[in-house]
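Take a look at the structure below.
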Amino acid sequence: MNKKSFSLGLLFAIILSIFFTPVFSQAETNGEFRVGMEAGYAPFNWSQKTDAHSAVPIQGNSSYAGGYDVQIAKKIADGLDKKLVIVQTKWDGLAPALQSGKIDAIIAGMSPTAERRKEIDFTDPYYESQLVVVVQKKGNFAEAKNLKDLSGAKVTAQLNTFHYSVIDQIPGVNKQQAMDNFSAMRTALASGMIDGYVSERPEGVTATGVNKDLAMLEFSKENGFQTNAEDVQIAVGMRKADPQISKVNQILSGISSEERTKIMDQAVKDQPAAETSDSEKTGVLADFKTIWDQYGGMFLRGAGLTLFIALVGTVVGTSLGLLIGVVRTIPESENKAKRFFQKLGNGLLSIYIEVFRGTPMMVQAMVIFYGLALAFGISLDRTVAALFIVSINTGAYMSEIVRGGIFAVDQGQFEAAQAIGMTHGQTMRKVVVPQVLRNILPATGNEFVINIKDTAVLSVIGVADLFFQGNSASGANFQFFQTFTIVGIMYLIMTYAITRVLRIVEKKMDGPSAYVKLEEAENLKES
């Protein structure tokens with residue numbers, strides 16, 4: 001076997017190993033109690049750098065989860081005689097993660113609404129709160145005493161929560177688009193984009209404690225939101241007909257109301273945002289330094305994972321696109337059977353390209369990561385799933401870029417190769433592909449840069465990339481502008497550095513900048 005054949009075989013083996021490695025079936029975890037939460041909804045749950053205040057390590061991350069939900073989860077795990085494992089998951093991904101078996105329970109400040117009960121079961125409540133509206137302290141609605149006083153206000157709430165539906169009870173309200181998380185809502189409120197957002201009292205206490213420019217509106221029962229008991233209760237979400245529900249209810253019944261109040265009061269006191277608000281602030285630069293000191297390690301690890309996923313996804317995706325591009329240029333066979341399979345293969349490849357170019361990567365991530373587990377019991381590791389998603393998405397785009405690169409090669413070179421007896425494979429391998437690689441290098445570099453940024457959407461399946469780490473930090477420290485400014489600068493550094501490296505590679509492939517044409521060289525010799 002020659003070197004080229006060996007290299008092609010090795011590359012093909014790498015692609016297969018990444019795409020089809022059987023890391024699918026998740027082993028039984030009878031000794032673990034896997035709990036899903038955002039770890040970004042203080043004081044119920046948050047992420048932090050150390051294990052202070054009895055925080056618990058987050059799976060697949062070097063951070064720790066703390067808060068009221070974590071302490072309740074610890075008591076349940078102890079009662080079940082299992083090891084508590086915290087799985088950090090975005091809010092929208094909690095229910096799919098539970099249904100697909102990636103977690104055993106949701107303990108994330110979730111209310112057992114009738115709509116949610118259609119999909120999952122709930123235990124007895126472990127906390128009961130009241131709805132409040134967080135507004136600007138010096139705003140037009142800071143003195144509101146009832147819902148009527150909020151008429152005309154721009155109000156929002158978190159996406160896929162009961163909070164968003166009760167906004168309709170405010171007469172004449174200017175209901176805004178629901179937002180993905182509380183970090184986004186607090187930022188929107190502070191910047192004046194909205195006049196208020198609906199929340200629960202513990203979160204309102206936290207928000208107003210950290211930002212002195214915010215105020216929390218509490219209404220009496222007759223002047224406030226009209227709710228069912230289950231709407232303001234918080235319970236543990238579990239799979240339908242889970243046999244452990246009765247045992248968890250028994251454990252929860254052993255936690256007195258006094259103890260629950262004590263745990264919540266302690267969580268409000270221990271949250272990182274409270275520590276930040278109590279510390280002396282000497283300016284914006286000091287805030288940046290404090291955030292970097294607290295979360296710099298998390299950001300660097302997230303950036304490393306971002307680069308790794310983007311690099312592997314681009315390399316594998318480009319290889320896949322190159323393979324598809326070459327395959328689609330194979331001349332139509334005269335044999336009917338071969339021609340049939342050619343058309344079938346080209347049709348399937350066309351479907352693959354259109355599907356992955358025509359749908360958002362975030363949707364692909366949800367379908368692949370959770371859908372495979374729900375439909376086929378195939379449970380992918382988050383990082384492996386991220387590599388797979390980015391690779392096949394990149395492959396779809398690169399296949400069209402490669403096709404354009406092949407068409408850019410002069411037709412005369414194909415004819416010349418055929419004239420000297422080269423087969424199609426030899427023409428592609430020795431004449432066309434080397435030129436294609438040079439032609440598509442700028443587009444490949446651009447795809448690499450895009451992948452660095454697009455890994456942010458993978459946070460929807462809990463991949464701890466740079467954006468995910470930034471979101472976790474801002475949910476804990478409430479300093480959104482400073483946190484995401486740091487994250488943005490890190491993205492800029494990565495993309496700029498990659499762009500400069502690729503420019504150098506392009507120049508090297510172009511050859512020497514100063515050269516002598518063959519005709520000029522011959523004239524010089526003659527003279």
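Within each chain, counting starts at residue 1; across the structure tokens, chains are named A, B, ... in the order shown, with ligands numbered 1 upward in that order.
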message: From a backbone DSSP assignment, name each residue in range 402-521 of chain A labelled helix (DSSP H, G or I), as number ranges by chain.
response: A: 402-408, 411-419, 424-461, 466-477, 480-510, 518-521
query: Just asking: which residues within range 194-408 of chain A are strand (DSSP E) according to DSSP, as number ranges by chain?
result: A: 196-200, 214-217, 233-238
- request: For Arg301 in chain A, please output as a PyMOL selection string all residues within 9 Å (counting only C-alpha atoms; exclusion window: fewer than 2 positions along the same chain).
  value: chain A and resi 62+296-299+303-306+464-466+469
Filtering to all heavy atoms, could you give me those residues as a PDB file, in the first residue's frame?
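Contents of out-v2.pdb, as written:
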```
ATOM      1  N   SER A  62     -15.608  21.902  35.247  1.00  0.00           N
ATOM      2  CA  SER A  62     -14.792  22.100  36.452  1.00  0.00           C
ATOM      3  C   SER A  62     -15.464  23.063  37.424  1.00  0.00           C
ATOM      4  O   SER A  62     -14.867  23.442  38.433  1.00  0.00           O
ATOM      5  CB  SER A  62     -13.411  22.639  36.058  1.00  0.00           C
ATOM      6  OG  SER A  62     -13.536  23.854  35.359  1.00  0.00           O
ATOM      7  N   GLY A 296     -12.177  33.452  35.054  1.00  0.00           N
ATOM      8  CA  GLY A 296     -11.213  33.377  33.954  1.00  0.00           C
ATOM      9  C   GLY A 296     -10.866  31.954  33.559  1.00  0.00           C
ATOM     10  O   GLY A 296     -10.775  31.622  32.373  1.00  0.00           O
ATOM     11  N   GLY A 297     -10.679  31.102  34.564  1.00  0.00           N
ATOM     12  CA  GLY A 297     -10.369  29.700  34.276  1.00  0.00           C
ATOM     13  C   GLY A 297     -11.480  29.020  33.503  1.00  0.00           C
ATOM     14  O   GLY A 297     -11.229  28.257  32.561  1.00  0.00           O
ATOM     15  N   MET A 298     -12.742  29.294  33.880  1.00  0.00           N
ATOM     16  CA  MET A 298     -13.893  28.732  33.174  1.00  0.00           C
ATOM     17  C   MET A 298     -13.926  29.222  31.731  1.00  0.00           C
ATOM     18  O   MET A 298     -14.169  28.445  30.800  1.00  0.00           O
ATOM     19  CB  MET A 298     -15.193  29.125  33.879  1.00  0.00           C
ATOM     20  CG  MET A 298     -15.429  28.467  35.221  1.00  0.00           C
ATOM     21  SD  MET A 298     -16.855  29.171  36.110  1.00  0.00           S
ATOM     22  CE  MET A 298     -18.146  29.074  34.862  1.00  0.00           C
ATOM     23  N   PHE A 299     -13.657  30.522  31.540  1.00  0.00           N
ATOM     24  CA  PHE A 299     -13.682  31.080  30.191  1.00  0.00           C
ATOM     25  C   PHE A 299     -12.602  30.451  29.308  1.00  0.00           C
ATOM     26  O   PHE A 299     -12.840  30.151  28.140  1.00  0.00           O
ATOM     27  CB  PHE A 299     -13.484  32.591  30.245  1.00  0.00           C
ATOM     28  CG  PHE A 299     -14.608  33.335  30.906  1.00  0.00           C
ATOM     29  CD1 PHE A 299     -14.418  34.622  31.385  1.00  0.00           C
ATOM     30  CD2 PHE A 299     -15.855  32.752  31.070  1.00  0.00           C
ATOM     31  CE1 PHE A 299     -15.454  35.314  31.992  1.00  0.00           C
ATOM     32  CE2 PHE A 299     -16.892  33.429  31.679  1.00  0.00           C
ATOM     33  CZ  PHE A 299     -16.693  34.715  32.141  1.00  0.00           C
ATOM     34  N   ALA A 303     -13.134  28.372  25.991  1.00  0.00           N
ATOM     35  CA  ALA A 303     -12.508  28.766  24.727  1.00  0.00           C
ATOM     36  C   ALA A 303     -11.737  27.606  24.111  1.00  0.00           C
ATOM     37  O   ALA A 303     -11.755  27.404  22.887  1.00  0.00           O
ATOM     38  CB  ALA A 303     -11.569  29.954  24.957  1.00  0.00           C
ATOM     39  N   GLY A 304     -11.073  26.824  24.962  1.00  0.00           N
ATOM     40  CA  GLY A 304     -10.341  25.650  24.466  1.00  0.00           C
ATOM     41  C   GLY A 304     -11.271  24.636  23.829  1.00  0.00           C
ATOM     42  O   GLY A 304     -10.975  24.090  22.755  1.00  0.00           O
ATOM     43  N   LEU A 305     -12.414  24.391  24.479  1.00  0.00           N
ATOM     44  CA  LEU A 305     -13.383  23.449  23.923  1.00  0.00           C
ATOM     45  C   LEU A 305     -13.985  24.003  22.634  1.00  0.00           C
ATOM     46  O   LEU A 305     -14.205  23.252  21.669  1.00  0.00           O
ATOM     47  CB  LEU A 305     -14.492  23.177  24.945  1.00  0.00           C
ATOM     48  CG  LEU A 305     -15.564  22.163  24.526  1.00  0.00           C
ATOM     49  CD1 LEU A 305     -14.936  20.807  24.212  1.00  0.00           C
ATOM     50  CD2 LEU A 305     -16.629  22.014  25.620  1.00  0.00           C
ATOM     51  N   THR A 306     -14.226  25.304  22.590  1.00  0.00           N
ATOM     52  CA  THR A 306     -14.754  25.940  21.379  1.00  0.00           C
ATOM     53  C   THR A 306     -13.806  25.735  20.202  1.00  0.00           C
ATOM     54  O   THR A 306     -14.220  25.359  19.106  1.00  0.00           O
ATOM     55  CB  THR A 306     -14.978  27.442  21.622  1.00  0.00           C
ATOM     56  OG1 THR A 306     -16.020  27.609  22.588  1.00  0.00           O
ATOM     57  CG2 THR A 306     -15.369  28.158  20.333  1.00  0.00           C
ATOM     58  N   ALA A 464     -20.239  22.802  27.208  1.00  0.00           N
ATOM     59  CA  ALA A 464     -19.633  23.863  28.021  1.00  0.00           C
ATOM     60  C   ALA A 464     -18.611  24.670  27.234  1.00  0.00           C
ATOM     61  O   ALA A 464     -17.443  24.767  27.603  1.00  0.00           O
ATOM     62  CB  ALA A 464     -18.996  23.263  29.273  1.00  0.00           C
ATOM     63  N   ASP A 465     -19.046  25.265  26.127  1.00  0.00           N
ATOM     64  CA  ASP A 465     -18.155  26.093  25.329  1.00  0.00           C
ATOM     65  C   ASP A 465     -18.040  27.480  25.957  1.00  0.00           C
ATOM     66  O   ASP A 465     -18.543  27.718  27.065  1.00  0.00           O
ATOM     67  CB  ASP A 465     -18.666  26.190  23.886  1.00  0.00           C
ATOM     68  CG  ASP A 465     -19.941  27.011  23.786  1.00  0.00           C
ATOM     69  OD1 ASP A 465     -20.771  26.924  24.723  1.00  0.00           O
ATOM     70  OD2 ASP A 465     -20.099  27.753  22.805  1.00  0.00           O
ATOM     71  N   LEU A 466     -17.382  28.397  25.260  1.00  0.00           N
ATOM     72  CA  LEU A 466     -17.141  29.728  25.814  1.00  0.00           C
ATOM     73  C   LEU A 466     -18.444  30.469  26.097  1.00  0.00           C
ATOM     74  O   LEU A 466     -18.597  31.083  27.159  1.00  0.00           O
ATOM     75  CB  LEU A 466     -16.263  30.530  24.842  1.00  0.00           C
ATOM     76  CG  LEU A 466     -15.946  31.979  25.239  1.00  0.00           C
ATOM     77  CD1 LEU A 466     -15.300  32.042  26.618  1.00  0.00           C
ATOM     78  CD2 LEU A 466     -15.038  32.621  24.190  1.00  0.00           C
ATOM     79  N   GLN A 469     -20.158  29.087  29.209  1.00  0.00           N
ATOM     80  CA  GLN A 469     -19.492  29.508  30.438  1.00  0.00           C
ATOM     81  C   GLN A 469     -19.823  30.966  30.756  1.00  0.00           C
ATOM     82  O   GLN A 469     -20.034  31.335  31.913  1.00  0.00           O
ATOM     83  CB  GLN A 469     -17.974  29.334  30.303  1.00  0.00           C
ATOM     84  CG  GLN A 469     -17.510  27.906  30.029  1.00  0.00           C
ATOM     85  CD  GLN A 469     -17.667  26.980  31.223  1.00  0.00           C
ATOM     86  OE1 GLN A 469     -18.397  27.266  32.165  1.00  0.00           O
ATOM     87  NE2 GLN A 469     -16.984  25.847  31.186  1.00  0.00           N
TER      88      GLN A 469
END
```
message: I want to know what sits within 9 Å of range 36-44 of chain A, based on only C-alpha atoms, with residues of the same chain fewer than 5 positions away left out; could you give that as a ChimeraX atom specification?
response: /A:58,64-70,85-91,94,97-98,102-109,181-183,202-203,206-207,264,267-273,471-476
message: Report as a PyMOL selection string all protein, DNA and RNA residues lying within 9 Å of Met509 in chain A, evaluated on only C-alpha atoms, omitting residues in the same chain fewer than 4 positions from it.
response: chain A and resi 438+504-505
field: Residue contacts of Met193 in chain A (12 Å, only C-alpha atoms) excluding same-chain residues fewer than 4 positions away, as a list in words
entry: Val135, Gln136, Ala153, Lys154, Val155, Thr156, Gln176, Gln177, Ala184, Met185, Arg186, Thr187, Ala188, Leu189 and Tyr197 of chain A
message: Residues near Val431 in chain A, anyone? I mean within 9 Å using only C-alpha atoms, not counting same-chain ones fewer than 6 positions away, as a list in words.
response: Gln413, Phe414 and Ala417 of chain A
